[in-house]
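Undergrad: I am sharing entry.txt, which consists of compact mmCIF, C-alpha atoms and all ligand atoms:
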```
# COMPACT_ATOMS: atom_id res chain seq x y z
CA MET A 1 -10.95 -12.53 7.29
CA SER A 2 -8.01 -14.14 5.53
CA THR A 3 -8.17 -13.58 1.77
CA LYS A 4 -8.25 -16.66 -0.43
CA THR A 5 -5.03 -16.61 -2.45
CA ILE A 6 -4.78 -18.44 -5.74
CA ILE A 7 -1.51 -19.10 -7.56
CA ALA A 8 -2.41 -21.70 -10.18
CA PRO A 9 -4.08 -20.27 -13.34
CA ASP A 10 -6.33 -23.34 -13.69
CA GLU A 11 -7.59 -22.98 -10.15
CA MET A 12 -8.44 -19.33 -10.81
CA ARG A 13 -10.45 -20.26 -13.88
CA ASN A 14 -12.25 -23.12 -12.08
CA ILE A 15 -13.35 -20.92 -9.20
CA SER A 16 -14.52 -18.22 -11.54
CA ARG A 17 -16.54 -20.70 -13.56
CA LEU A 18 -18.19 -22.08 -10.41
CA TRP A 19 -19.32 -18.56 -9.50
CA ARG A 20 -20.59 -17.94 -13.01
CA LYS A 21 -22.48 -21.23 -13.00
CA SER A 22 -24.35 -20.16 -9.90
CA GLY A 23 -25.27 -16.89 -11.63
CA GLU A 24 -22.88 -14.60 -9.75
CA SER A 25 -21.26 -11.60 -11.48
CA ILE A 26 -17.51 -11.03 -11.24
CA ALA A 27 -15.58 -7.76 -11.10
CA PHE A 28 -11.82 -7.82 -11.57
CA VAL A 29 -9.09 -5.37 -10.52
CA PRO A 30 -5.67 -6.20 -12.00
CA THR A 31 -2.69 -4.63 -10.17
CA MET A 32 1.05 -4.92 -9.74
CA GLY A 33 0.73 -4.72 -5.96
CA ALA A 34 2.19 -2.30 -3.37
CA LEU A 35 -1.47 -1.48 -2.88
CA HIS A 36 -2.49 2.07 -1.99
CA GLU A 37 -5.76 3.97 -1.76
CA GLY A 38 -5.97 4.28 -5.56
CA HIS A 39 -6.13 0.49 -5.83
CA LEU A 40 -8.48 0.26 -2.84
CA ALA A 41 -10.90 2.74 -4.48
CA LEU A 42 -11.07 0.47 -7.55
CA ILE A 43 -11.76 -2.49 -5.27
CA SER A 44 -14.52 -0.60 -3.38
CA GLU A 45 -16.15 0.29 -6.69
CA ALA A 46 -15.80 -3.35 -7.82
CA LYS A 47 -17.60 -4.48 -4.67
CA LYS A 48 -20.51 -2.19 -5.51
CA GLN A 49 -20.74 -3.46 -9.06
CA ALA A 50 -20.57 -7.26 -8.76
CA GLN A 51 -21.22 -10.13 -6.39
CA ARG A 52 -17.65 -11.48 -6.58
CA VAL A 53 -14.44 -9.46 -6.62
CA VAL A 54 -11.09 -10.78 -7.82
CA VAL A 55 -7.86 -8.79 -7.44
CA SER A 56 -4.64 -9.85 -9.14
CA ILE A 57 -1.10 -8.93 -8.16
CA PHE A 58 1.45 -9.62 -10.87
CA VAL A 59 4.53 -7.53 -11.65
CA ASN A 60 4.41 -8.22 -15.35
CA PRO A 61 7.93 -8.58 -16.80
CA THR A 62 6.85 -8.05 -20.43
CA GLN A 63 5.68 -4.47 -19.87
CA PHE A 64 9.06 -3.27 -18.56
CA GLY A 65 11.83 -2.25 -20.94
CA PRO A 66 15.39 -3.51 -20.42
CA ASN A 67 16.46 -0.30 -18.61
CA GLU A 68 13.26 0.14 -16.61
CA ASP A 69 12.46 -0.52 -12.96
CA PHE A 70 11.22 -4.14 -13.05
CA ALA A 71 13.86 -5.27 -10.51
CA ASN A 72 13.22 -2.29 -8.22
CA TYR A 73 9.43 -2.29 -8.49
CA PRO A 74 8.09 -2.46 -4.91
CA ARG A 75 6.96 -5.95 -3.90
CA MET A 76 5.15 -6.29 -0.58
CA LEU A 77 2.73 -9.17 -0.78
CA LYS A 78 2.38 -9.60 2.98
CA GLU A 79 1.31 -5.97 3.52
CA ASP A 80 -0.95 -6.14 0.45
CA LYS A 81 -2.71 -9.23 1.80
CA ALA A 82 -3.30 -7.50 5.14
CA LYS A 83 -5.00 -4.60 3.30
CA LEU A 84 -7.14 -7.00 1.27
CA ASP A 85 -8.07 -8.93 4.44
CA LEU A 86 -9.48 -5.68 5.83
CA ILE A 87 -11.41 -4.60 2.75
CA GLY A 88 -12.70 -8.13 1.99
CA ILE A 89 -12.49 -9.65 -1.51
CA ASP A 90 -13.36 -13.09 -2.86
CA ALA A 91 -10.01 -14.09 -4.33
CA LEU A 92 -6.49 -12.76 -4.75
CA PHE A 93 -4.82 -14.14 -7.87
CA VAL A 94 -1.01 -14.09 -7.69
CA PRO A 95 0.24 -16.08 -10.67
CA ASN A 96 3.89 -17.02 -11.15
CA ALA A 97 5.78 -15.50 -14.08
CA SER A 98 6.72 -19.02 -15.17
CA ASP A 99 3.02 -19.95 -15.46
CA MET A 100 2.11 -16.76 -17.32
CA TYR A 101 5.12 -16.94 -19.63
CA PRO A 102 6.43 -20.50 -19.81
CA ALA A 103 9.63 -21.19 -21.72
CA GLY A 104 9.02 -20.73 -25.44
CA TYR A 105 6.17 -18.23 -24.95
CA GLN A 106 5.62 -16.29 -28.20
CA THR A 107 2.12 -14.80 -28.54
CA PHE A 108 1.43 -11.10 -27.86
CA VAL A 109 -1.36 -8.54 -28.30
CA VAL A 110 -0.38 -5.39 -30.20
CA ASN A 111 -2.21 -2.10 -30.66
CA ASP A 112 -0.95 -0.37 -33.79
CA GLU A 113 -1.88 3.27 -33.28
CA LEU A 114 -2.79 4.47 -29.80
CA SER A 115 0.25 2.66 -28.42
CA THR A 116 2.60 4.87 -30.45
CA LEU A 117 1.44 8.05 -28.64
CA LEU A 118 2.47 9.56 -25.31
CA CYS A 119 4.09 6.93 -23.04
CA GLY A 120 4.22 4.53 -25.98
CA ALA A 121 6.72 6.77 -27.77
CA PHE A 122 9.11 6.52 -24.81
CA ARG A 123 8.44 2.94 -23.69
CA PRO A 124 8.58 0.75 -26.79
CA GLY A 125 6.80 -2.54 -26.18
CA HIS A 126 5.21 -1.37 -22.93
CA PHE A 127 1.60 -1.48 -24.11
CA LYS A 128 2.21 -4.76 -25.91
CA GLY A 129 3.18 -6.22 -22.52
CA VAL A 130 0.18 -4.61 -20.79
CA LEU A 131 -2.35 -5.76 -23.39
CA THR A 132 -0.94 -9.28 -23.43
CA VAL A 133 -0.98 -9.77 -19.69
CA VAL A 134 -4.40 -8.18 -19.24
CA LEU A 135 -5.95 -10.31 -21.98
CA LYS A 136 -4.45 -13.44 -20.38
CA LEU A 137 -5.77 -12.39 -16.98
CA PHE A 138 -9.20 -11.74 -18.51
CA HIS A 139 -9.20 -15.28 -19.92
CA LEU A 140 -8.31 -16.75 -16.54
CA VAL A 141 -10.71 -14.68 -14.43
CA GLU A 142 -13.52 -14.33 -17.00
CA PRO A 143 -14.94 -11.18 -15.38
CA ASP A 144 -18.07 -9.27 -16.35
CA LEU A 145 -16.40 -6.02 -15.46
CA ALA A 146 -12.75 -4.93 -15.14
CA LEU A 147 -11.81 -1.70 -13.38
CA PHE A 148 -8.82 0.50 -14.20
CA GLY A 149 -7.61 3.89 -12.97
CA LYS A 150 -7.75 6.98 -15.16
CA LYS A 151 -4.43 7.81 -13.51
CA ASP A 152 -3.04 5.67 -16.33
CA TYR A 153 -5.31 7.34 -18.89
CA GLN A 154 -3.64 5.94 -22.00
CA GLN A 155 -3.57 2.43 -20.54
CA TRP A 156 -7.27 2.56 -19.70
CA PHE A 157 -8.01 3.91 -23.17
CA ILE A 158 -6.01 1.23 -25.00
CA LEU A 159 -7.56 -1.53 -22.87
CA GLN A 160 -11.04 -0.28 -23.75
CA LYS A 161 -10.03 -0.34 -27.39
CA MET A 162 -8.71 -3.91 -27.08
CA ALA A 163 -12.00 -5.00 -25.53
CA ARG A 164 -13.93 -3.51 -28.45
CA ASP A 165 -11.52 -4.59 -31.21
CA LEU A 166 -11.27 -8.18 -29.97
CA CYS A 167 -15.01 -8.50 -29.17
CA LEU A 168 -14.42 -9.29 -25.49
CA SER A 169 -17.61 -9.79 -23.57
CA LEU A 170 -16.82 -7.63 -20.59
CA GLU A 171 -17.01 -3.98 -19.60
CA VAL A 172 -13.80 -1.99 -19.08
CA LYS A 173 -14.51 0.81 -16.61
CA GLY A 174 -12.28 3.81 -15.85
CA CYS A 175 -12.27 5.20 -12.30
CA PRO A 176 -11.14 8.63 -11.01
CA THR A 177 -7.55 9.24 -9.89
CA VAL A 178 -7.02 9.15 -6.13
CA ARG A 179 -4.57 11.79 -4.90
CA GLU A 180 -2.60 12.63 -1.78
CA ALA A 181 -3.79 15.72 0.14
CA ASP A 182 -1.11 17.76 -1.68
CA GLY A 183 -2.35 16.66 -5.12
CA LEU A 184 0.27 14.03 -5.95
CA ALA A 185 -1.45 11.06 -7.62
CA LYS A 186 -1.11 7.95 -5.46
CA SER A 187 1.30 5.52 -7.04
CA SER A 188 3.28 2.48 -5.94
CA ARG A 189 6.34 4.25 -7.38
CA ASN A 190 5.97 7.14 -4.88
CA LEU A 191 7.49 4.75 -2.34
CA ARG A 192 10.78 5.08 -4.21
CA LEU A 193 10.94 8.90 -3.89
CA SER A 194 13.41 10.30 -1.36
CA PRO A 195 11.86 12.60 1.29
CA GLU A 196 13.20 15.61 -0.64
CA GLU A 197 11.78 14.33 -3.94
CA ARG A 198 8.46 13.53 -2.28
CA GLN A 199 8.25 17.12 -1.13
CA LYS A 200 8.84 18.43 -4.68
CA ALA A 201 6.57 15.96 -6.49
CA PRO A 202 3.22 17.80 -5.93
CA ALA A 203 4.56 20.68 -8.08
CA LEU A 204 3.49 18.59 -11.08
CA PHE A 205 -0.14 18.54 -10.02
CA ALA A 206 -0.02 22.24 -9.12
CA ALA A 207 1.21 23.06 -12.66
CA MET A 208 -1.62 20.97 -14.15
CA ALA A 209 -4.15 22.75 -11.92
CA LYS A 210 -2.86 26.17 -13.10
CA THR A 211 -3.22 25.04 -16.72
CA LYS A 212 -6.77 23.91 -16.05
CA GLU A 213 -7.54 27.31 -14.53
CA LEU A 214 -6.25 29.02 -17.68
CA TYR A 215 -8.36 26.70 -19.87
CA GLN A 216 -11.43 27.32 -17.77
CA GLY A 217 -10.80 31.07 -18.06
CA GLY A 218 -11.27 30.65 -21.84
CA GLU A 219 -7.75 30.00 -23.23
CA ARG A 220 -7.99 27.59 -26.16
CA ASN A 221 -4.50 27.93 -27.64
CA ARG A 222 -2.76 24.57 -27.18
CA ASP A 223 0.78 25.91 -27.05
CA ARG A 224 -0.06 28.64 -24.56
CA LEU A 225 -1.73 26.07 -22.30
CA ILE A 226 1.35 23.83 -22.40
CA GLN A 227 3.59 26.84 -21.80
CA CYS A 228 1.46 27.60 -18.74
CA PHE A 229 2.33 24.15 -17.33
CA HIS A 230 6.06 24.76 -17.78
CA GLN A 231 5.95 28.31 -16.42
CA ASN A 232 4.13 27.25 -13.29
CA LEU A 233 6.19 24.16 -12.54
CA ARG A 234 8.02 24.83 -9.29
CA HIS A 235 11.33 23.01 -8.76
CA ALA A 236 11.47 22.64 -12.56
CA GLU A 237 15.19 21.84 -12.35
CA ALA A 238 14.39 18.70 -10.31
CA PHE A 239 12.25 17.16 -13.08
CA ARG A 240 13.25 15.62 -16.37
CA ILE A 241 10.09 16.03 -18.41
CA GLU A 242 9.50 13.33 -21.02
CA TYR A 243 6.36 14.89 -22.42
CA VAL A 244 3.60 17.34 -21.58
CA ALA A 245 0.77 17.13 -24.08
CA LEU A 246 -2.90 17.88 -24.69
CA HIS A 247 -4.93 15.07 -26.22
CA ASP A 248 -8.60 14.57 -26.97
CA GLY A 249 -10.23 12.76 -24.06
CA ASP A 250 -12.58 10.90 -26.40
CA THR A 251 -10.17 9.70 -29.11
CA LEU A 252 -6.74 10.24 -27.52
CA ALA A 253 -5.67 12.07 -30.71
CA PRO A 254 -3.31 15.04 -30.14
CA CYS A 255 -5.20 18.35 -29.85
CA GLU A 256 -5.02 20.79 -32.76
CA SER A 257 -3.39 24.17 -32.11
CA LEU A 258 -6.84 25.65 -31.46
CA ILE A 259 -8.61 23.34 -29.03
CA THR A 260 -12.22 22.57 -29.83
CA ASN A 261 -12.62 19.14 -28.22
CA ARG A 262 -12.55 17.78 -24.64
CA PRO A 263 -8.85 18.06 -23.78
CA VAL A 264 -6.84 16.04 -21.28
CA LEU A 265 -3.45 17.30 -20.14
CA LEU A 266 -0.99 14.44 -19.72
CA PHE A 267 2.65 14.26 -18.72
CA ALA A 268 5.48 11.87 -17.89
CA ALA A 269 8.42 13.17 -15.87
CA TYR A 270 11.37 11.71 -14.04
CA LEU A 271 12.06 12.87 -10.52
CA GLY A 272 15.45 11.33 -9.72
CA SER A 273 15.15 7.76 -11.00
CA VAL A 274 11.38 7.58 -10.55
CA ARG A 275 9.14 8.03 -13.58
CA LEU A 276 5.86 9.72 -12.67
CA ILE A 277 2.83 10.03 -14.93
CA ASP A 278 -0.41 11.86 -14.35
CA ASN A 279 -3.15 13.70 -16.20
CA LEU A 280 -6.01 16.10 -15.70
CA GLU A 281 -9.22 16.43 -17.69
CA LEU A 282 -9.54 20.16 -18.37
CA VAL A 283 -13.33 20.02 -18.81
CA GLU A 284 -15.23 19.14 -15.63
P1 LIG B 301 -0.70 -0.69 -10.97
O1 LIG B 301 -0.61 -1.55 -9.75
O2 LIG B 301 0.13 0.55 -10.90
O3 LIG B 301 -0.53 -1.47 -12.25
O4 LIG B 301 -2.19 -0.16 -11.00
C1 LIG B 301 -3.27 -1.04 -10.99
C2 LIG B 301 -4.52 -0.26 -11.28
O5 LIG B 301 -4.70 0.77 -10.31
C3 LIG B 301 -4.47 0.43 -12.65
O6 LIG B 301 -5.75 0.35 -13.26
C4 LIG B 301 -4.13 1.85 -12.28
O7 LIG B 301 -4.57 2.79 -13.23
C5 LIG B 301 -4.89 1.99 -10.97
N1 LIG B 301 -4.34 3.10 -10.18
C6 LIG B 301 -3.04 3.29 -9.85
N2 LIG B 301 -2.91 4.44 -9.16
C7 LIG B 301 -4.15 4.99 -9.07
C8 LIG B 301 -4.68 6.18 -8.47
N3 LIG B 301 -3.90 7.05 -7.84
N4 LIG B 301 -6.00 6.41 -8.56
C9 LIG B 301 -6.81 5.52 -9.21
N5 LIG B 301 -6.39 4.38 -9.78
C10 LIG B 301 -5.07 4.12 -9.72
```
How does this structure look as structure tokens?
Ligand code: AMP
TA:
Amino acid sequence: MSTKTIIAPDEMRNISRLWRKSGESIAFVPTMGALHEGHLALISEAKKQAQRVVVSIFVNPTQFGPNEDFANYPRMLKEDKAKLDLIGIDALFVPNASDMYPAGYQTFVVNDELSTLLCGAFRPGHFKGVLTVVLKLFHLVEPDLALFGKKDYQQWFILQKMARDLCLSLEVKGCPTVREADGLAKSSRNLRLSPEERQKAPALFAAMAKTKELYQGGERNRDRLIQCFHQNLRHAEAFRIEYVALHDGDTLAPCESLITNRPVLLFAAYLGSVRLIDNLELVE
């Protein structure tokens, strides 16, 4: 079945309101496209949770820094539509940047604290762009439920916080990370890895898995756990690590030197020109 594609923001809102009027619930999966099984898992979950499912594809310019990969971000709408045709959704929303950010645009959503941690420390303005676009999309789709991947743990966390802080009447749900057979988290950016880089990339997951093993064996010293990641990272010379850190899975605060909470191990690392992020909850 050919997926209904909507470009105009007003049309998106009108359709959504028609569904709501007839009592149907709406689940929403925002994406930047180049769809892979991680996205498709969110969509499958959305289909279980609501009567109508809306997916958006929008490579959001305001969440990319001036030296980041906005221009090179993979764009493959035709292939994405074919995947959505197979899985079956109710609407694909593909707004234009000029409709989302018309000339003279000047209003943004800012998180003051969580957005300074982890990726936020290296990508100034990134979460401001994410929060702004997601809030705008929420206003246009008016979903009951929005689904995000825990692959982007900090993003999911900050979006949940926005929903609570701004009294949004929808649920923000986090879904498990979908991985390749070798452990590498599925990501649209993996498409930009060379074959040699692709072969080295799973070392990151392997190092996280080793650290989890050490934690589960009883190690609670934060620095020794992080050292374990570094010591077990194969092809270490190929990666430029931005951060490896342990944060509390319930508050996102950095772990103390003796870990007593529910820790999540998170990293960001460049492999060539591709920035990869991933995380692992150390408690099952
Ligand atoms: P993106 O297109 O990268 O902006 O991602 C859109 C949504 O898919 C976000 O909520 C991501 O967290 C989620 N996502 C991306 N990769 C994965 C993955 N490997 N497993 C689960 N969710 C993912």
Undergrad: Would you mind telling me which residue in A:Leu118, A:Leu84, A:Leu170, A:Ile43 lies nearest to His139 (chain A) when using all atoms listed in the file?
TA: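 Of all the options, A:Leu170 lies closest to His139 (chain A).
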Undergrad: List as a CSV table (one decimal) with C-alpha atoms, in the frame of the given file the protein and nucleic acid residues near region 89-106 of chain A, meaning an atom at most 10 Å away when only C-alpha atoms are counted, but skip any in the same chain fewer than 6 places from it.
TA:
```csv
chain,number,residue,atom,x,y,z
A,1,MET,CA,-11.0,-12.5,7.3
A,2,SER,CA,-8.0,-14.1,5.5
A,3,THR,CA,-8.2,-13.6,1.8
A,4,LYS,CA,-8.2,-16.7,-0.4
A,5,THR,CA,-5.0,-16.6,-2.4
A,6,ILE,CA,-4.8,-18.4,-5.7
A,7,ILE,CA,-1.5,-19.1,-7.6
A,8,ALA,CA,-2.4,-21.7,-10.2
A,9,PRO,CA,-4.1,-20.3,-13.3
A,11,GLU,CA,-7.6,-23.0,-10.2
A,12,MET,CA,-8.4,-19.3,-10.8
A,15,ILE,CA,-13.4,-20.9,-9.2
A,16,SER,CA,-14.5,-18.2,-11.5
A,26,ILE,CA,-17.5,-11.0,-11.2
A,28,PHE,CA,-11.8,-7.8,-11.6
A,29,VAL,CA,-9.1,-5.4,-10.5
A,30,PRO,CA,-5.7,-6.2,-12.0
A,31,THR,CA,-2.7,-4.6,-10.2
A,32,MET,CA,1.0,-4.9,-9.7
A,33,GLY,CA,0.7,-4.7,-6.0
A,43,ILE,CA,-11.8,-2.5,-5.3
A,44,SER,CA,-14.5,-0.6,-3.4
A,46,ALA,CA,-15.8,-3.4,-7.8
A,47,LYS,CA,-17.6,-4.5,-4.7
A,51,GLN,CA,-21.2,-10.1,-6.4
A,52,ARG,CA,-17.6,-11.5,-6.6
A,53,VAL,CA,-14.4,-9.5,-6.6
A,54,VAL,CA,-11.1,-10.8,-7.8
A,55,VAL,CA,-7.9,-8.8,-7.4
A,56,SER,CA,-4.6,-9.8,-9.1
A,57,ILE,CA,-1.1,-8.9,-8.2
A,58,PHE,CA,1.4,-9.6,-10.9
A,59,VAL,CA,4.5,-7.5,-11.6
A,60,ASN,CA,4.4,-8.2,-15.4
A,61,PRO,CA,7.9,-8.6,-16.8
A,62,THR,CA,6.8,-8.0,-20.4
A,77,LEU,CA,2.7,-9.2,-0.8
A,81,LYS,CA,-2.7,-9.2,1.8
A,133,VAL,CA,-1.0,-9.8,-19.7
A,136,LYS,CA,-4.4,-13.4,-20.4
A,137,LEU,CA,-5.8,-12.4,-17.0
A,140,LEU,CA,-8.3,-16.8,-16.5
A,141,VAL,CA,-10.7,-14.7,-14.4
```
Undergrad: Can you tell me how far CA of Gly218 (chain A) sits from CA of Leu280 (chain A), in Å to one decimal?
TA: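 Here the two named atoms are 16.6 Å from each other.
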Undergrad: With the cut-off set at 9 Å and counting only C-alpha atoms and all ligand atoms, tabulate each residue of chain A with an atom at most that distance from an atom of ligand LIG 301 (chain B), showing the nearest atom pair and its distance in Å to one decimal, ordered by chain and increasing number, as JSON lines.
TA:
```
{"residue": "A:Val29", "atom": "CA", "partner": "B:LIG301", "partner_atom": "C2", "distance": 6.9}
{"residue": "A:Pro30", "atom": "CA", "partner": "B:LIG301", "partner_atom": "C1", "distance": 5.8}
{"residue": "A:Thr31", "atom": "CA", "partner": "B:LIG301", "partner_atom": "C1", "distance": 3.7}
{"residue": "A:Met32", "atom": "CA", "partner": "B:LIG301", "partner_atom": "O1", "distance": 3.8}
{"residue": "A:Gly33", "atom": "CA", "partner": "B:LIG301", "partner_atom": "O1", "distance": 5.1}
{"residue": "A:Ala34", "atom": "CA", "partner": "B:LIG301", "partner_atom": "O1", "distance": 7.0}
{"residue": "A:Leu35", "atom": "CA", "partner": "B:LIG301", "partner_atom": "O1", "distance": 6.9}
{"residue": "A:His36", "atom": "CA", "partner": "B:LIG301", "partner_atom": "N2", "distance": 7.6}
{"residue": "A:Glu37", "atom": "CA", "partner": "B:LIG301", "partner_atom": "N3", "distance": 7.1}
{"residue": "A:Gly38", "atom": "CA", "partner": "B:LIG301", "partner_atom": "N4", "distance": 3.7}
{"residue": "A:His39", "atom": "CA", "partner": "B:LIG301", "partner_atom": "O5", "distance": 4.7}
{"residue": "A:Leu40", "atom": "CA", "partner": "B:LIG301", "partner_atom": "N5", "distance": 8.3}
{"residue": "A:Ala41", "atom": "CA", "partner": "B:LIG301", "partner_atom": "C9", "distance": 6.8}
{"residue": "A:Leu42", "atom": "CA", "partner": "B:LIG301", "partner_atom": "N5", "distance": 6.5}
{"residue": "A:Ile57", "atom": "CA", "partner": "B:LIG301", "partner_atom": "O1", "distance": 7.6}
{"residue": "A:Phe58", "atom": "CA", "partner": "B:LIG301", "partner_atom": "O1", "distance": 8.4}
{"residue": "A:Val59", "atom": "CA", "partner": "B:LIG301", "partner_atom": "O3", "distance": 7.9}
{"residue": "A:Asn60", "atom": "CA", "partner": "B:LIG301", "partner_atom": "O3", "distance": 8.9}
{"residue": "A:Ala146", "atom": "CA", "partner": "B:LIG301", "partner_atom": "O6", "distance": 9.0}
{"residue": "A:Leu147", "atom": "CA", "partner": "B:LIG301", "partner_atom": "O6", "distance": 6.4}
{"residue": "A:Phe148", "atom": "CA", "partner": "B:LIG301", "partner_atom": "O6", "distance": 3.2}
{"residue": "A:Gly149", "atom": "CA", "partner": "B:LIG301", "partner_atom": "O7", "distance": 3.2}
{"residue": "A:Lys150", "atom": "CA", "partner": "B:LIG301", "partner_atom": "O7", "distance": 5.6}
{"residue": "A:Lys151", "atom": "CA", "partner": "B:LIG301", "partner_atom": "O7", "distance": 5.0}
{"residue": "A:Asp152", "atom": "CA", "partner": "B:LIG301", "partner_atom": "O7", "distance": 4.5}
{"residue": "A:Tyr153", "atom": "CA", "partner": "B:LIG301", "partner_atom": "O7", "distance": 7.3}
{"residue": "A:Gln155", "atom": "CA", "partner": "B:LIG301", "partner_atom": "O7", "distance": 7.4}
{"residue": "A:Trp156", "atom": "CA", "partner": "B:LIG301", "partner_atom": "O6", "distance": 7.0}
{"residue": "A:Gly174", "atom": "CA", "partner": "B:LIG301", "partner_atom": "O6", "distance": 7.8}
{"residue": "A:Cys175", "atom": "CA", "partner": "B:LIG301", "partner_atom": "C9", "distance": 6.3}
{"residue": "A:Pro176", "atom": "CA", "partner": "B:LIG301", "partner_atom": "C9", "distance": 5.6}
{"residue": "A:Thr177", "atom": "CA", "partner": "B:LIG301", "partner_atom": "N4", "distance": 3.5}
{"residue": "A:Val178", "atom": "CA", "partner": "B:LIG301", "partner_atom": "N4", "distance": 3.8}
{"residue": "A:Arg179", "atom": "CA", "partner": "B:LIG301", "partner_atom": "N3", "distance": 5.6}
{"residue": "A:Glu180", "atom": "CA", "partner": "B:LIG301", "partner_atom": "N3", "distance": 8.3}
{"residue": "A:Leu184", "atom": "CA", "partner": "B:LIG301", "partner_atom": "N3", "distance": 8.3}
{"residue": "A:Ala185", "atom": "CA", "partner": "B:LIG301", "partner_atom": "N3", "distance": 4.7}
{"residue": "A:Lys186", "atom": "CA", "partner": "B:LIG301", "partner_atom": "N3", "distance": 3.8}
{"residue": "A:Ser187", "atom": "CA", "partner": "B:LIG301", "partner_atom": "N2", "distance": 4.8}
{"residue": "A:Ser188", "atom": "CA", "partner": "B:LIG301", "partner_atom": "O2", "distance": 6.2}
{"residue": "A:Arg189", "atom": "CA", "partner": "B:LIG301", "partner_atom": "O2", "distance": 8.0}
{"residue": "A:Asp278", "atom": "CA", "partner": "B:LIG301", "partner_atom": "N3", "distance": 8.8}
```
Undergrad: Could you give me, as a PyMOL selection string, the residues within 6 Å of region 267-272 of chain A, counting all atoms listed in the file and dropping anything in the same chain fewer than 5 positions from it?
TA: chain A and resi 239-244+277-278
Undergrad: Would you mind exporting the chosen residues as a short mmCIF file (atom, residue, chain, number, x, y, z; two decimals), in the coordinates of the input, restricted to C-alpha atoms?
TA:
```
data_model
loop_
_atom_site.label_atom_id
_atom_site.label_comp_id
_atom_site.auth_asym_id
_atom_site.auth_seq_id
_atom_site.Cartn_x
_atom_site.Cartn_y
_atom_site.Cartn_z
CA PHE A 239 12.25 17.16 -13.08
CA ARG A 240 13.25 15.62 -16.37
CA ILE A 241 10.09 16.03 -18.41
CA GLU A 242 9.50 13.33 -21.02
CA TYR A 243 6.36 14.89 -22.42
CA VAL A 244 3.60 17.34 -21.58
CA ILE A 277 2.83 10.03 -14.93
CA ASP A 278 -0.41 11.86 -14.35
#
```
Undergrad: Could you check which of A:Asn67, A:Val283, A:Gln231, A:Glu237 is closest to Glu213 (chain A), using only C-alpha atoms?
TA: A:Val283
Undergrad: Between A:Gln154, A:Asn111, A:Gln63, A:Ser169, which one has atoms that come closest to Arg123 (chain A), using only C-alpha atoms?
TA: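 Among the listed residues, the smallest separation from Arg123 (chain A) belongs to A:Gln63.
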Undergrad: Report the distance between CA of Arg222 (chain A) and CA of Glu284 (chain A) in Å, rounded to one decimal place.
TA: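 Going from CA of Arg222 (chain A) over to CA of Glu284 (chain A), I get 17.8 Å.
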Undergrad: If I wrap all listed atoms of region 99-114 of chain A in a box with edges along x, y and z and add 3 Å on each side, what are its centre and edge lengths in Å to one decimal, as lines of an AutoDock Vina configuration file?
TA:
```
center_x = 3.4
center_y = -8.4
center_z = -24.6
size_x = 18.4
size_y = 31.7
size_z = 24.3
```
Undergrad: Considering all atoms listed in the file, return as a PyMOL selection string whatever protein or nucleic-acid residues lie within 10 Å of His235 (chain A), sequence-local ones (same chain, fewer than 2 positions apart) excluded.
TA: chain A and resi 197+200-201+203-204+232-233+237-239
Undergrad: List the neighbours of Gln227 (chain A) out to 12 Å using all atoms listed in the file; skip same-chain residues closer than 5 positions along the sequence, and give me the result as number ranges by chain.
TA: A: 207-208, 210-211, 214, 219, 221-222, 232-233, 244-246, 265
Undergrad: Any chance you can output those residues with C-alpha atoms as a CSV table (one decimal), keeping the file's coordinate frame?
TA:
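Output file out.csv is given in full below:
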```
chain,number,residue,atom,x,y,z
A,207,ALA,CA,1.2,23.1,-12.7
A,208,MET,CA,-1.6,21.0,-14.2
A,210,LYS,CA,-2.9,26.2,-13.1
A,211,THR,CA,-3.2,25.0,-16.7
A,214,LEU,CA,-6.2,29.0,-17.7
A,219,GLU,CA,-7.8,30.0,-23.2
A,221,ASN,CA,-4.5,27.9,-27.6
A,222,ARG,CA,-2.8,24.6,-27.2
A,232,ASN,CA,4.1,27.2,-13.3
A,233,LEU,CA,6.2,24.2,-12.5
A,244,VAL,CA,3.6,17.3,-21.6
A,245,ALA,CA,0.8,17.1,-24.1
A,246,LEU,CA,-2.9,17.9,-24.7
A,265,LEU,CA,-3.4,17.3,-20.1
```
Undergrad: What is the CA of Asp248 (chain A) to CA of Ile158 (chain A) distance in Å?
TA: 13.7 Å
